[in-house]
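Everything below concerns the one structure shown next.
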Amino acid sequence: MKRLLTIALLLAAPALVIAQGGGLDPKTILKPLSTDWPIYAGDYTGKRYSGLKLIDRSNVHDLSLAWVARFTAGSGPEGFGVGGRGGNVPTIVGGLGNGDLNAGGPARIGGGILMVNGVLYMTSPDNVWAVDARDGSIIWHYYWKTRGGTHTGNRGVGMYGNWLFLETHDNLLVSLDAKTGQERWHHELASFEDNYFSSMSPMIIGNHVILGTGNDIDSPGFIQSVDPETGERQWLTYTVPQNAGDVGADSWASLDAARHGGAQPWMPGAYDPETHLYIFGTGNPTPAYTTGRGDGDNLFACTMIAVDVDSGKMKWYYQTSPHDTHDWDTVQTPVLVDAMFNGKMRKMVMQAARNGYFFVLDRTTGEHLVTVKFGTVNNWAVGLDAQGRPRRNPEKDATIAGSLVNTDVTNVPPSSFSPDTGLFYAPEDNSLRIEYLIDTDSRGSMGLGGTAGGATFNYGTNIDAIDYKTGKIVWRHAVAGTSGLLTTAGKLLFSGDGTNLVAYDAFTGTPLWHSRIGQTGNAPETYMLDGLQYILATGDDAVYAFVLNPPPAPVAAAKKPAAKAGN
């Protein structure tokens, strides 16, 4: 009964919006991923596993290009955006800047591309496009004139009914009408003067729009929830202690150090409707590499955190890199899996973290189940503590003479999980470099300052297939690079390899098909329209959509012209 009431409340809030003219039905997001792609990772679990199986191991070699589209960012000299097969498309212009920072030119499409009711919604920094998912033609283009800020890649929009939500790098939340691209309102979500920036794909959960911030600054990280109709704040939760007596305050050198400790949550999390918990990860502490934070764990930096969606109250936490000194952000989207573990069903959350360790927890309590190192040259830690957390090796901290230590084993590119194989798939990068300490001030340097690196040695990049029950790597496949992973019920794994979009056998890692589209800029996605399953990916400045050619028999038959009378 409690579960039914929770889901009923979750669905009740958007009902009015849906009734007023279509849009995203909230029931779609609660369902396992299949026909549409309604949020950043496809569904709330973060598995990036689609139930679509029209494309499978027997026919994937017949994938063929359906359409390709290129997009131009900014408003251009005449206020038009050019791209796709839509020709010149009038651009709706918003923003608080004066246009001097107009970042025109080829768009950097990335993050999560939504597909809802036959329309794709995609972003690059300061830009949003609505695109026909059948042919790649542009429906509308929105451009935000920025005041500045750190312009990393934008992670995508969130959708509630007929409304879209975009975080801008100068810290505004913008709401757009999904049909027209017209701006409904914008509200500040973090201080621009304090050098925050915002690029996360908003997570829409019931009547909550959950937002995160970024940047490596000596200011506290936080997540917040706002009302989708008005943009008014519903709650805000800091990711570092703010008051004496707060949980974790004693893990810092002082309360002042904690209050300026960073731990920015800049990637989307996952949501469990049964417990009503939103599970997300936090970034590095500040200062990131140098001293000044004491000897404690520095909670809640580099931590998976579960909060109640309605209140923002923390229910549990698990720190993957205590007292981080290497910028080991734990922001990778967690993956929620219900499966057997040690002979019984468990509700788990999994993550392949930037520090090169794979973690499995009970997602209702945060109880530790598995920790295994998956980077082949990963040397920054010496074993695990009683909670399964890697124990930092101080000898691998940056030194004046230089310390040889591994770089990021994984980063933004998302992982995937297939219930068909029982395997967790993650990108694995293997490099060592020398870290030099260039600022010996005991107070440390703000943000990522105080160190310099050099002489990087690369030992190769792989896609790993990990047995979640043991952490054992079942297979590795060498690639030149990857931007993230997708698995499907067709027993396939899709990813980029640095030059191509590739389909692999999800059980063995054997490559079955590829298309040379260049370096992929986002993790592949899939959707179904008019009986056709599309595979969507970006390459360089373009978006590519693939379908089977010839199409499956039922679709081909439906397109045949009717027989003439008398024949």
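Chains: A, B, ... in order of the structure tokens. Residues: from 1 per chain. Ligands: from 1, in order shown.
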(request) Would you please give, as a ChimeraX atom specification, all residues of region 189-430 of chain A that DSSP assigns to alpha helix (DSSP H) based on the backbone? (result) /A:255-259
(request) List the neighbours of Ala288 (chain A) out to 6 Å using only C-alpha atoms; skip same-chain residues closer than 5 positions along the sequence, and give me the result as a VMD selection string. (result) chain A and resid 325 327 447 to 448
Report the closest atom pair, with its distance in Å rounded to one decimal, for each residue of region 480-549 of chain A that has an atom no farther than 8 Å from region 416-431 of chain A; count only C-alpha atoms, sort by chain and then rising residue number, and write it as a tab-separated table.
residue	atom	partner	partner_atom	distance
A:Thr482	CA	A:Pro427	CA	6.7
A:Gly484	CA	A:Pro427	CA	7.0
A:Leu485	CA	A:Ser416	CA	5.7
A:Leu486	CA	A:Ser416	CA	5.9
A:Thr487	CA	A:Ser418	CA	6.1
A:Thr488	CA	A:Ser418	CA	7.3
A:Ala489	CA	A:Asp420	CA	7.2
A:Lys491	CA	A:Asp420	CA	7.0
A:Ala506	CA	A:Thr421	CA	7.1
A:Phe507	CA	A:Thr421	CA	6.1
Atoms to include: C-alpha atoms. Write the selected residues as a PDB file, in the first residue's frame.
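Now in again_22.pdb:
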ATOM      1  CA  THR A 482      34.651   5.828 -25.675  1.00  0.00           C
ATOM      2  CA  GLY A 484      29.648   5.900 -22.979  1.00  0.00           C
ATOM      3  CA  LEU A 485      27.640   2.724 -23.367  1.00  0.00           C
ATOM      4  CA  LEU A 486      24.196   1.382 -24.303  1.00  0.00           C
ATOM      5  CA  THR A 487      22.854  -2.175 -23.976  1.00  0.00           C
ATOM      6  CA  THR A 488      19.667  -3.555 -25.529  1.00  0.00           C
ATOM      7  CA  ALA A 489      17.392  -6.591 -25.350  1.00  0.00           C
ATOM      8  CA  LYS A 491      21.833  -8.760 -26.704  1.00  0.00           C
ATOM      9  CA  ALA A 506      27.028  -8.135 -25.129  1.00  0.00           C
ATOM     10  CA  PHE A 507      27.999 -11.641 -23.958  1.00  0.00           C
TER      11      PHE A 507
END
(request) Apply DSSP to the structure's backbone, then extract all residues of region 440-513 of chain A labelled strand (DSSP E or B) and return them as number ranges by chain. (result) A: 451-467, 473-479, 485-488, 492-496, 501-505, 511-513
(request) Counting only C-alpha atoms, figure out which residue out of A:Asn207, A:Gly95, A:Tyr544, A:Ile113 gets nearest to Asp170 (chain A). (result)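 Among the listed residues, A:Gly95 lies closest to Asp170 (chain A).
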(message) Using Å and a single decimal, report how far CA of Pro524 (chain A) sits from CA of Trp37 (chain A).
(response) 11.3 Å
Using only C-alpha atoms, what table do you get, as a tab-separated table, when you list each residue of region 214-269 of chain A with an atom no more than 9 Å from region 180-192 of chain A, its nearest pair of atoms, and their distance in Å rounded to one decimal, rows by chain then rising number?
residue	atom	partner	partner_atom	distance
A:Gln224	CA	A:Leu189	CA	8.4
A:Thr230	CA	A:Trp185	CA	8.0
A:Gly231	CA	A:His187	CA	6.6
A:Glu232	CA	A:His187	CA	8.2
A:Arg233	CA	A:Leu189	CA	8.8
(message) Ranking A:Thr510, A:Thr461, A:Thr364, A:Thr35 by minimum distance to Thr275 (chain A) and counting only C-alpha atoms, which one comes first?
(response)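 Ranking A:Thr510, A:Thr461, A:Thr364, A:Thr35 by distance to Thr275 (chain A), first place goes to A:Thr364.
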